[in-house]
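Here is the structure we will look at.
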Amino acid sequence: MAANAYTKELLMSMSTNDRQLLESIDSALYRIAEGEYGYCDNCGDLIQEKRLEALPWAHHCVKCQEMNERGLLLPEEE
């Protein structure tokens with residue numbers, strides 16, 4: 001039973017991660033259509049090209065992402 005529960009939890013986690021990735025990609029496509037792609041959601045500066053190559057769905061420049069990971073940015077409003 002424990003192995004079965006672990007497998008179910010793993011599958012749920014994977015689908016959640018996949019769903020979050022798809023939402024991030026959809027958001028990037030929307031920003032491209034709106035002409036807002038490549039700009040940091042926080043400071044408005046251009047996101048570094050190397051960062052966008054690595055994470056095409058990035059919302060923040062490296063500096064703001066580091067602040068976000070430390071909990072220093074306010075949550076984005078939808």
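In the structure tokens, chains take letters A, B, ... by order of appearance, with residues numbered from 1 within each chain and ligands from 1 in the order shown.
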Q: Please identify which residues in chain A DSSP calls helix (DSSP H, G or I) from the backbone, and express them as a ChimeraX atom specification.
A: /A:2-33,49-54,62-69
Q) Suppose you want the space between atom CA of His60 of chain A and atom CA of Cys40 of chain A; what is it in Å? A)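 Atom CA of Cys40 of chain A lies 4.3 Å from atom CA of His60 of chain A.
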Q: Would you work out the distance separating atom CA of Glu49 of chain A from atom CA of Cys64 of chain A, expressed in Å to one decimal?
A: 15.2 Å
Q. Taking into account only C-alpha atoms, which residue in the set A:Trp57, A:Ser13, A:Asp41, A:Lys50 is nearest to Leu29 of chain A?
A.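 Closest candidate: A:Trp57.
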Q: Enter the distance from atom CA of Asn17 of chain A to atom CA of Arg31 of chain A, in Å, rounded to one decimal.
A: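 These atoms are spaced 21.1 Å apart.
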Q. Which of these, A:Pro56, A:Lys8, A:Arg70, A:Gly38, has the shortest distance to Leu22 of chain A once you count only C-alpha atoms?
A.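 Residue with the minimum atom-to-atom distance to Leu22 of chain A: A:Pro56.
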Q.
If we count only C-alpha atoms and set the cut-off at 10 Å, which residues sit around Leu74 of chain A, ignoring sequence neighbours fewer than 6 positions away in its own chain? Please answer as a PyMOL selection string.
A. chain A and resi 42+67-68
